[in-house]
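Note sheet for the following structure.
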Protein chains: 2
Amino acid sequence: MRAHPRTHRQDAPDARQPVGGALASAPPPAAVPAASPVRTPAACAAPRFQPLYRQIKTAILQGIESGEWSAGEMIPSEMDLARRFSVSQGTVRKAVEALAAENMLARRQGKGTYVSSHREARAQFRFLRLRPDEGPATQPSSRILDCRRSRAPADVARALSIRTGESVLFIRRLLAFEETPVVLDDIWLAGEEFRQLTAERLANHSGQLYAVIESELGTKMIRASEKLRAVCASEGQADALGVEHGSPLLLVERVTSTFNGLPVELRRGLCRTDRHHYVNEL
Amino acid sequence: MRAHPRTHRQDAPDARQPVGGALASAPPPAAVPAASPVRTPAACAAPRFQPLYRQIKTAILQGIESGEWSAGEMIPSEMDLARRFSVSQGTVRKAVEALAAENMLARRQGKGTYVSSHREARAQFRFLRLRPDEGPATQPSSRILDCRRSRAPADVARALSIRTGESVLFIRRLLAFEETPVVLDDIWLAGEEFRQLTAERLANHSGQLYAVIESELGTKMIRASEKLRAVCASEGQADALGVEHGSPLLLVERVTSTFNGLPVELRRGLCRTDRHHYVNEL
DNA sequence: AAGTGGTCTAGACCACTTT
DNA sequence: AAGTGGTCTAGACCACTTC
């Protein structure tokens, strides 16, 4: 940490330790996730200087990504972080508030700031946009129809930024709301870590795939980008969902990424929308 | 303005003038708030005390809603607002930042803070989620097929929170991307002000209905809630969109509201999704 | 040069949770 | 009582825009 936006900070007024491990002497301060003092205001314009609070935001993010603070755990208090990074509490606060606004952290007055998790109740519906036309939103149950390693077809590989034929984990499942099959999901997961997943480990998790992946693999899905279309049900799809061949279905194609923005999941969900709908707020 | 969160502010420590035109005597300490002193910490729990910055946020919102500052215009500087409300600049900043995060205001360094408008280029795609499968996002052209006053059917009335049979403006239009018809919109608008709209006034606006409404009627659409479904094209719909009868179409049902959250528009859009798709970020 | 938003600091007190 | 986040203040300097 330490360093200037572009030049923003003033260096004269206070006698701050300008460099690297900055606070090496102080008692409580531990080691910052990283350091690399980017101080030279001029000359190096390549990495684009950032305001202090942005640098701290990045540092906290790295702390989460590296596992120093994992999902559901509390991160150090604002005062601790301020001491660790040698900035004021207000600057830390600004970084933390930005991360909270992005759903990365959750603040709880009087308790602390926590790394958000897919296991939390409030996170359940962020990635599940299907709602019954009537009645309250509910969690679906999941039935795994297939789960195996496979080679990525060209279109899947393109979406996941990998090479065609590379090894991926393929999952096909059926989500049912109140005993009625509603979604037929085809899921491709790119990455070594997913090899450990099996149909058995996925069973009995009521469709909360991201919570399972987070808990068992430590991989956290951060954001997703979806494309929606209306399509006709093929024979097999119609059978699985209990509709007539040719019925209109909502196709939801999702590409999900973790930190760093690299895509790790491609999902194609076919949804019956006769008694459910997809919700969105603009 | 004036008043405390729940009790938040301290009233003893400094000799603050608790009421009205406050500041006048003390040099630096100035005074707090300015208006209706809602100070009693206890006893009155009904209106739910709000933090100062929230009250100021509401006050600014009212300024926009009342037309004191209209879409596209600049609001007073942070310092001016701070003086007006008798709070510190930082408190005003927090209110303004919150409004900017909600797309109500747009801040421009060195220039000022502006009331956001549907006329801005950056706002164009917030309510238009349809994108071509290939190529860059483009604005559609609009052809008005129908535009007349009518009585609200039961389902429309329910969505708009009005009584069945009440007078509404009905618009049917066809949106075309690159000369190809893609969306068939049925739109119902509730409110006296919409009586002034005619097919002529809507023509030649390339489908930017909200920009027209904002400019000509002063009504600003703030947020919308959508429900998506896949349906089959009826004969008439198929003809209008140039697809075969029975083709799958994406039905987007949108309820849009202005300030205060009261719904003013119900829209049902039927979209061909063979060469376009609906995008969403989670 | 003046005015605007953008960043940062330092310190105060309040409200909530836990010990 | 101690610790955490939540609100508020006052003042500094930086960066951008306009005059």
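Labeling convention for the structure tokens: chains A, B, ... as they appear, residues from 1 per chain, ligands from 1 in order of appearance.
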Subject >> Proximal residues of chain B relative to chain C (only C-alpha atoms (C1' of nucleotides); 6 Å) as a PyMOL selection string >> reply: chain B and resi 8+109-112
Next, the residues of the selection above should be written as a CSV table (one decimal), in the first residue's frame with all heavy atoms.
```
chain,number,residue,atom,x,y,z
B,8,HIS,N,-28.9,10.4,17.1
B,8,HIS,CA,-27.5,10.4,16.7
B,8,HIS,C,-26.7,11.6,17.1
B,8,HIS,O,-25.8,11.5,17.9
B,8,HIS,CB,-27.4,10.3,15.2
B,8,HIS,CG,-26.7,9.0,14.8
B,8,HIS,ND1,-25.5,8.6,15.5
B,8,HIS,CD2,-26.9,8.0,13.9
B,8,HIS,CE1,-25.1,7.5,15.0
B,8,HIS,NE2,-25.9,7.1,14.1
B,109,GLN,N,-16.6,15.9,-12.5
B,109,GLN,CA,-15.5,16.7,-11.8
B,109,GLN,C,-15.2,18.0,-12.5
B,109,GLN,O,-15.1,18.0,-13.8
B,109,GLN,CB,-14.2,15.8,-11.8
B,109,GLN,CG,-13.1,16.5,-11.1
B,109,GLN,CD,-11.9,15.7,-10.8
B,109,GLN,OE1,-10.8,15.9,-11.4
B,109,GLN,NE2,-12.0,14.7,-9.9
B,110,GLY,N,-15.1,19.0,-11.8
B,110,GLY,CA,-14.8,20.3,-12.3
B,110,GLY,C,-16.0,21.0,-12.9
B,110,GLY,O,-15.9,22.2,-13.2
B,111,LYS,N,-17.1,20.3,-13.1
B,111,LYS,CA,-18.2,21.0,-13.7
B,111,LYS,C,-19.4,21.2,-12.7
B,111,LYS,O,-19.8,22.3,-12.5
B,111,LYS,CB,-18.7,20.2,-14.9
B,111,LYS,CG,-17.6,20.1,-16.0
B,111,LYS,CD,-18.2,19.6,-17.3
B,111,LYS,CE,-19.2,20.6,-18.0
B,111,LYS,NZ,-19.6,20.1,-19.3
B,112,GLY,N,-19.8,20.1,-12.2
B,112,GLY,CA,-20.9,20.1,-11.3
B,112,GLY,C,-21.7,18.8,-11.2
B,112,GLY,O,-21.3,17.8,-11.8
```
Original post:
Pairing every Cα of chain B with chain A in order, what RMSD remains after the least-squares superposition?
Top reply: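 Per the least-squares fit, the RMSD is 2.7 Å.
The protein and nucleic acid residues lying at most 10 Å from A:Gly218 are Glu65, Gly67, Ser70, Ala71, Glu193, Ala211 and Val212 of chain A, with only C-alpha atoms (C1' of nucleotides) considered and sequence neighbours fewer than 6 positions away removed.
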Original post:
For chain D, which residues have at least one atom within 12 Å of chain B, if we go by only C-alpha atoms (C1' of nucleotides)? Write them as a ChimeraX atom specification, please.
Top reply: /D:6-11,14-18
Given the selection you just returned, output its residues as a file containing N, CA and C atoms (P, O5', C5', C4', C3', O3' and C1' of nucleotides), formatted as a PDB file, in the first residue's frame.
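Okay, again-v2.pdb is ready:
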```
ATOM      1  P    DG D   6     -21.654   0.052   9.108  1.00  0.00           P
ATOM      2  O5'  DG D   6     -22.118   1.194  10.122  1.00  0.00           O
ATOM      3  C5'  DG D   6     -23.422   1.150  10.695  1.00  0.00           C
ATOM      4  C4'  DG D   6     -23.904   2.572  10.955  1.00  0.00           C
ATOM      5  C3'  DG D   6     -23.809   3.479   9.731  1.00  0.00           C
ATOM      6  O3'  DG D   6     -24.977   4.289   9.666  1.00  0.00           O
ATOM      7  C1'  DG D   6     -22.588   4.418  11.509  1.00  0.00           C
ATOM      8  P    DT D   7     -25.092   5.428   8.550  1.00  0.00           P
ATOM      9  O5'  DT D   7     -24.688   6.728   9.358  1.00  0.00           O
ATOM     10  C5'  DT D   7     -25.540   7.178  10.400  1.00  0.00           C
ATOM     11  C4'  DT D   7     -24.962   8.423  11.006  1.00  0.00           C
ATOM     12  C3'  DT D   7     -24.860   9.615  10.042  1.00  0.00           C
ATOM     13  O3'  DT D   7     -25.655  10.654  10.580  1.00  0.00           O
ATOM     14  C1'  DT D   7     -22.880   9.363  11.333  1.00  0.00           C
ATOM     15  P    DC D   8     -25.925  11.950   9.701  1.00  0.00           P
ATOM     16  O5'  DC D   8     -24.706  12.904  10.082  1.00  0.00           O
ATOM     17  C5'  DC D   8     -24.595  13.392  11.405  1.00  0.00           C
ATOM     18  C4'  DC D   8     -23.292  14.150  11.566  1.00  0.00           C
ATOM     19  C3'  DC D   8     -22.948  15.129  10.447  1.00  0.00           C
ATOM     20  O3'  DC D   8     -23.288  16.443  10.883  1.00  0.00           O
ATOM     21  C1'  DC D   8     -21.034  13.970  11.335  1.00  0.00           C
ATOM     22  P    DT D   9     -22.918  17.708   9.996  1.00  0.00           P
ATOM     23  O5'  DT D   9     -21.452  18.039  10.503  1.00  0.00           O
ATOM     24  C5'  DT D   9     -21.215  18.104  11.901  1.00  0.00           C
ATOM     25  C4'  DT D   9     -19.760  18.448  12.142  1.00  0.00           C
ATOM     26  C3'  DT D   9     -19.226  19.564  11.239  1.00  0.00           C
ATOM     27  O3'  DT D   9     -18.745  20.627  12.060  1.00  0.00           O
ATOM     28  C1'  DT D   9     -17.748  17.683  11.258  1.00  0.00           C
ATOM     29  P    DA D  10     -18.589  22.096  11.470  1.00  0.00           P
ATOM     30  O5'  DA D  10     -17.029  22.128  11.186  1.00  0.00           O
ATOM     31  C5'  DA D  10     -16.111  21.765  12.206  1.00  0.00           C
ATOM     32  C4'  DA D  10     -14.714  21.761  11.606  1.00  0.00           C
ATOM     33  C3'  DA D  10     -14.529  22.823  10.515  1.00  0.00           C
ATOM     34  O3'  DA D  10     -13.378  23.591  10.828  1.00  0.00           O
ATOM     35  C1'  DA D  10     -13.845  20.692   9.733  1.00  0.00           C
ATOM     36  P    DG D  11     -13.016  24.853   9.940  1.00  0.00           P
ATOM     37  O5'  DG D  11     -11.707  24.337   9.180  1.00  0.00           O
ATOM     38  C5'  DG D  11     -10.750  23.549   9.896  1.00  0.00           C
ATOM     39  C4'  DG D  11      -9.905  22.786   8.904  1.00  0.00           C
ATOM     40  C3'  DG D  11      -9.518  23.602   7.657  1.00  0.00           C
ATOM     41  O3'  DG D  11      -8.118  23.546   7.488  1.00  0.00           O
ATOM     42  C1'  DG D  11     -10.275  21.479   7.057  1.00  0.00           C
ATOM     43  P    DC D  14      -1.475  19.739  -3.290  1.00  0.00           P
ATOM     44  O5'  DC D  14      -2.392  18.835  -4.224  1.00  0.00           O
ATOM     45  C5'  DC D  14      -2.541  17.440  -3.929  1.00  0.00           C
ATOM     46  C4'  DC D  14      -3.538  16.840  -4.901  1.00  0.00           C
ATOM     47  C3'  DC D  14      -3.312  17.225  -6.356  1.00  0.00           C
ATOM     48  O3'  DC D  14      -3.359  16.058  -7.163  1.00  0.00           O
ATOM     49  C1'  DC D  14      -5.542  17.702  -5.723  1.00  0.00           C
ATOM     50  P    DA D  15      -2.942  16.159  -8.688  1.00  0.00           P
ATOM     51  O5'  DA D  15      -4.369  16.263  -9.382  1.00  0.00           O
ATOM     52  C5'  DA D  15      -5.222  15.130  -9.389  1.00  0.00           C
ATOM     53  C4'  DA D  15      -6.454  15.445 -10.201  1.00  0.00           C
ATOM     54  C3'  DA D  15      -6.159  15.968 -11.600  1.00  0.00           C
ATOM     55  O3'  DA D  15      -7.035  15.300 -12.498  1.00  0.00           O
ATOM     56  C1'  DA D  15      -7.561  17.472 -10.464  1.00  0.00           C
ATOM     57  P    DC D  16      -6.874  15.516 -14.033  1.00  0.00           P
ATOM     58  O5'  DC D  16      -8.207  16.299 -14.430  1.00  0.00           O
ATOM     59  C5'  DC D  16      -9.466  15.766 -14.039  1.00  0.00           C
ATOM     60  C4'  DC D  16     -10.503  16.851 -14.191  1.00  0.00           C
ATOM     61  C3'  DC D  16     -10.515  17.516 -15.570  1.00  0.00           C
ATOM     62  O3'  DC D  16     -11.800  17.341 -16.128  1.00  0.00           O
ATOM     63  C1'  DC D  16     -10.549  19.142 -13.837  1.00  0.00           C
ATOM     64  P    DT D  17     -12.080  17.771 -17.649  1.00  0.00           P
ATOM     65  O5'  DT D  17     -12.758  19.205 -17.520  1.00  0.00           O
ATOM     66  C5'  DT D  17     -14.005  19.340 -16.860  1.00  0.00           C
ATOM     67  C4'  DT D  17     -14.323  20.816 -16.709  1.00  0.00           C
ATOM     68  C3'  DT D  17     -14.280  21.611 -18.014  1.00  0.00           C
ATOM     69  O3'  DT D  17     -15.607  22.003 -18.325  1.00  0.00           O
ATOM     70  C1'  DT D  17     -13.248  22.794 -16.193  1.00  0.00           C
ATOM     71  P    DT D  18     -15.875  22.835 -19.649  1.00  0.00           P
ATOM     72  O5'  DT D  18     -15.836  24.345 -19.132  1.00  0.00           O
ATOM     73  C5'  DT D  18     -16.535  24.689 -17.947  1.00  0.00           C
ATOM     74  C4'  DT D  18     -16.180  26.115 -17.539  1.00  0.00           C
ATOM     75  C3'  DT D  18     -16.174  27.127 -18.691  1.00  0.00           C
ATOM     76  O3'  DT D  18     -17.080  28.170 -18.380  1.00  0.00           O
ATOM     77  C1'  DT D  18     -14.229  27.319 -17.338  1.00  0.00           C
TER      78       DT D  18
END
```
**OP:** Kindly determine which residues of chain A lie within 6 Å of chain B, considering only C-alpha atoms, and give the answer as a list of chain:residue names.
**Re:**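 Therefore, the residues near the partner are A:Arg223, A:Ala224, A:Ser225, A:Glu226, A:Lys227, A:Leu228, A:Arg229, A:Ala230, A:Val231, A:Pro248, A:Leu249, A:Leu250, A:Thr273, A:His277, A:Tyr278, A:Val279, A:Asn280, A:Glu281, A:Leu282.
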